[in-house]
Amino acid sequence: MKELQGKTALVTGASRGIGREIALRLGEAGAFVVLNCTSRGVEKAEKVLGELRERGGDGMVKAFSVSDSAAVDQAVDEITKAKGPIQILVNNAGIARDALFLRMKDDEWDDTLNTNLKGAALCARSVVRPMMKAREGVIINVSSVVGQMGNAGQAAYSASKAGLFGLTKSLAKELASRNIRVNAVAPGFIDTEMTADLPAEAKEEMLKGIPLGRMGSGREIAEAVLWLASAKSSYVTGQVLAINGGMYV
Ligand SMILES: NC(=O)c1ccc[n+]([C@@H]2O[C@H](COP(=O)([O-])OP(=O)(O)OC[C@H]3O[C@@H](n4cnc5c(N)ncnc54)[C@H](OP(=O)(O)O)[C@@H]3O)[C@@H](O)[C@H]2O)c1
């Protein structure tokens with residue numbers, strides 16, 4: 001029997017990048033995976049679902065914005081009616097709107113915090129009620145090394161990612177008595193569309209600060225998320241797992 005057989009997992013931001021790899025990995029491990037993205041990403045998410053089915057897994061695509069409270073509640077309600085309670089939530093959806101602090105616009109701050117931090121809280125709040133009833137659940141928040149160490153030009157992004165640590169630890173304490181575990185992963189410099197546009201010199205500079213000397217892959221993050229989602233980590237809650245090639249220790 002596969003380790004996530006019989007479980008339903010909701011992975012936000014699963015149309016590409018790290019979320020895509022997480023969705024595929026959880027699906028390979030037997031979970032029915034709900035792949036979320038915005039309405040822009042549906043075609044890509046359908047392709048990921050096709051890949052998952054080719055690998056013997058199954059799931060569905062559900063487009064909604066994680067920062068839209070009513071849309072989140074409606075989607076979770078529909079998933080729960082179709083598949084029963086969600087056992088695994090991976091809050092992966094995220095955006096980076098980089099700007100030097102003095103040039104940062106209000107909407108850049110709001111969009112970043114609303115997607116990366118409020119979006120994770122809204123999704124967690126929506127799945128937690130049925131999880132509490134079922135006395136079973138796992139929530140994994142995808143933060144960032146930048147939330148741990150800060151980064152010039154990323155004040156909003158790093159504030160949103162640091163905020164996820166507080167959310168993770170508070171929910172872990174609040175929900176442990178209902179057998180709901182809440183953890184975070186903090187990826188380092190990972191090869192996805194989010195990092196593809198960085199100028200070559202910036203990438204080279206970044207690589208100098210990584211003891212393992214290379215970028216990470218989405219699959220390496222997905223393996224850690226699978227471990228946190230599975231019973232193998234049954235005594236782990238409220239933790240931040242850094243996956244960064246030694247970039248921050
Ligand atoms: N790449 C890195 O080096 C790195 C390092 C540390 C942490 N992270 C974190 O890891 C996560 C994934 O990063 P990535 O590099 O894979 O990013 P990416 O390639 O840019 O993909 C972002 C994903 O988030 C989705 N998304 C964005 N806004 C959304 C919203 N409001 N509602 C629902 N989905 C939304 C996108 O969907 P659409 O296709 O519909 O736009 C897409 O699926 C993010 O939280 C990021 O901050 C990344």
# chains A, B, ... in the order shown; residues from 1 in each chain; ligands from 1
>>> residues_near_ligand(ligand="ligand 1", cutoff="7 Å", atoms="only C-alpha atoms and all ligand atoms", output="ChimeraX atom specification")
/A:12-19,36-42,64-67,92-96,115-116,142-145,186-195
>>> select_by_dssp(residues="segment 4-69 of chain A", states="helix (DSSP H, G or I)", output="VMD selection string")
chain A and resid 17 to 28 39 to 54 69
>>> write_last_selection(atoms="N, CA and C atoms", output="compact mmCIF listing (two decimals), in the first residue's frame")
# COMPACT_ATOMS: atom_id res chain seq x y z
N GLY A 17 6.42 24.87 -11.46
CA GLY A 17 7.43 25.04 -10.42
C GLY A 17 7.36 24.03 -9.29
N ILE A 18 7.58 24.52 -8.10
CA ILE A 18 7.66 23.66 -6.91
C ILE A 18 6.30 22.98 -6.66
N GLY A 19 5.20 23.73 -6.84
CA GLY A 19 3.87 23.16 -6.60
C GLY A 19 3.58 21.99 -7.52
N ARG A 20 4.02 22.11 -8.76
CA ARG A 20 3.85 21.01 -9.73
C ARG A 20 4.55 19.74 -9.22
N GLU A 21 5.80 19.92 -8.77
CA GLU A 21 6.58 18.75 -8.29
C GLU A 21 5.93 18.16 -7.03
N ILE A 22 5.42 19.03 -6.17
CA ILE A 22 4.78 18.53 -4.94
C ILE A 22 3.53 17.73 -5.32
N ALA A 23 2.73 18.28 -6.23
CA ALA A 23 1.50 17.60 -6.64
C ALA A 23 1.83 16.22 -7.23
N LEU A 24 2.84 16.17 -8.09
CA LEU A 24 3.20 14.90 -8.72
C LEU A 24 3.70 13.89 -7.67
N ARG A 25 4.51 14.39 -6.74
CA ARG A 25 5.11 13.48 -5.73
C ARG A 25 4.04 12.92 -4.80
N LEU A 26 3.11 13.80 -4.34
CA LEU A 26 2.05 13.32 -3.43
C LEU A 26 1.14 12.35 -4.18
N GLY A 27 0.90 12.66 -5.47
CA GLY A 27 0.06 11.79 -6.28
C GLY A 27 0.72 10.43 -6.52
N GLU A 28 2.03 10.43 -6.76
CA GLU A 28 2.75 9.16 -6.94
C GLU A 28 2.68 8.32 -5.66
N SER A 39 -7.01 31.34 -12.53
CA SER A 39 -7.66 31.02 -13.81
C SER A 39 -6.64 31.09 -14.96
N ARG A 40 -5.54 31.85 -14.76
CA ARG A 40 -4.49 31.94 -15.79
C ARG A 40 -3.79 30.61 -16.02
N GLY A 41 -3.71 29.80 -14.98
CA GLY A 41 -2.83 28.63 -15.04
C GLY A 41 -3.53 27.32 -15.35
N VAL A 42 -4.83 27.37 -15.65
CA VAL A 42 -5.61 26.13 -15.75
C VAL A 42 -5.05 25.16 -16.79
N GLU A 43 -4.67 25.70 -17.96
CA GLU A 43 -4.18 24.81 -19.01
C GLU A 43 -2.92 24.05 -18.54
N LYS A 44 -2.03 24.79 -17.87
CA LYS A 44 -0.80 24.16 -17.37
C LYS A 44 -1.13 23.12 -16.29
N ALA A 45 -2.07 23.48 -15.42
CA ALA A 45 -2.43 22.55 -14.34
C ALA A 45 -3.05 21.27 -14.92
N GLU A 46 -3.84 21.42 -15.99
CA GLU A 46 -4.43 20.24 -16.64
C GLU A 46 -3.32 19.34 -17.18
N LYS A 47 -2.25 19.97 -17.70
CA LYS A 47 -1.11 19.19 -18.21
C LYS A 47 -0.45 18.42 -17.08
N VAL A 48 -0.30 19.08 -15.92
CA VAL A 48 0.32 18.41 -14.76
C VAL A 48 -0.56 17.22 -14.35
N LEU A 49 -1.88 17.44 -14.36
CA LEU A 49 -2.79 16.35 -14.01
C LEU A 49 -2.64 15.19 -14.99
N GLY A 50 -2.47 15.51 -16.28
CA GLY A 50 -2.24 14.47 -17.29
C GLY A 50 -0.99 13.68 -16.97
N GLU A 51 0.08 14.39 -16.58
CA GLU A 51 1.35 13.71 -16.24
C GLU A 51 1.15 12.80 -15.03
N LEU A 52 0.39 13.33 -14.07
CA LEU A 52 0.15 12.54 -12.85
C LEU A 52 -0.60 11.25 -13.20
N ARG A 53 -1.60 11.38 -14.06
CA ARG A 53 -2.36 10.17 -14.46
C ARG A 53 -1.47 9.18 -15.19
N GLU A 54 -0.55 9.70 -16.04
CA GLU A 54 0.40 8.79 -16.74
C GLU A 54 1.26 8.03 -15.74
N SER A 69 -11.23 35.08 -0.09
CA SER A 69 -11.79 34.28 1.00
C SER A 69 -13.01 33.46 0.56
>>> atom_distance(atom1="atom CA of Asn151 of chain A", atom2="atom CA of Val236 of chain A")
28.6 Å
>>> select_by_dssp(residues="segment 37-244 of chain A", states="strand (DSSP E)", output="MDAnalysis selection string")
chainID A and resid 37 58:63 88:91 137:142 180:187 240:243
>>> closest_residue(among="A:Ala71, A:Ala156, A:Ala121, A:Gly238", to="Asp106 of chain A", atoms="only C-alpha atoms")
A:Ala156
>>> closest_residue(among="A:Gly245, A:Arg129, A:Leu113, A:Arg135", to="Ser217 of chain A", atoms="only C-alpha atoms")
A:Gly245
>>> atom_distance(atom1="atom CA of Ser230 of chain A", atom2="atom CA of Ala29 of chain A")
9.4 Å
>>> residues_around(residues="Ile88 of chain A", least_positions_apart="6", cutoff="7 Å", atoms="only C-alpha atoms", output="PyMOL selection string")
chain A and resi 8-10+137-139+229
>>> write_last_selection(atoms="N, CA, C and O atoms", output="compact mmCIF listing (two decimals), in the first residue's frame")
# COMPACT_ATOMS: atom_id res chain seq x y z
N THR A 8 -6.74 12.76 0.55
CA THR A 8 -6.94 13.83 -0.44
C THR A 8 -6.02 14.99 -0.05
O THR A 8 -6.00 15.41 1.11
N ALA A 9 -5.27 15.47 -1.04
CA ALA A 9 -4.33 16.58 -0.79
C ALA A 9 -4.69 17.77 -1.67
O ALA A 9 -4.94 17.59 -2.87
N LEU A 10 -4.74 18.94 -1.08
CA LEU A 10 -4.91 20.18 -1.84
C LEU A 10 -3.55 20.88 -1.91
O LEU A 10 -2.96 21.18 -0.87
N GLY A 137 -5.25 15.63 10.15
CA GLY A 137 -4.89 16.61 9.14
C GLY A 137 -3.42 16.99 9.20
O GLY A 137 -2.76 16.86 10.23
N VAL A 138 -2.92 17.42 8.06
CA VAL A 138 -1.53 17.88 7.95
C VAL A 138 -1.54 19.16 7.10
O VAL A 138 -2.15 19.17 6.02
N ILE A 139 -0.90 20.20 7.59
CA ILE A 139 -0.77 21.43 6.81
C ILE A 139 0.72 21.73 6.66
O ILE A 139 1.47 21.67 7.64
N ALA A 229 4.10 15.19 5.03
CA ALA A 229 2.68 14.84 4.82
C ALA A 229 2.37 13.42 5.28
O ALA A 229 1.22 13.07 5.52
>>> atom_distance(atom1="atom CA of Ala242 of chain A", atom2="atom CA of Arg97 of chain A")
22.6 Å
>>> residues_around(residues="Gly147 of chain A", least_positions_apart="4", cutoff="9 Å", atoms="only C-alpha atoms", output="PyMOL selection string")
chain A and resi 143+151+157-165+186
>>> closest_residue(among="A:Gln148, A:Asn179, A:Thr112, A:Asn244", to="Met131 of chain A", atoms="only C-alpha atoms")
A:Asn179
>>> closest_residue(among="A:Asn91, A:Gln154, A:Gln239, A:Ser233", to="Cys123 of chain A", atoms="only C-alpha atoms")
A:Asn91
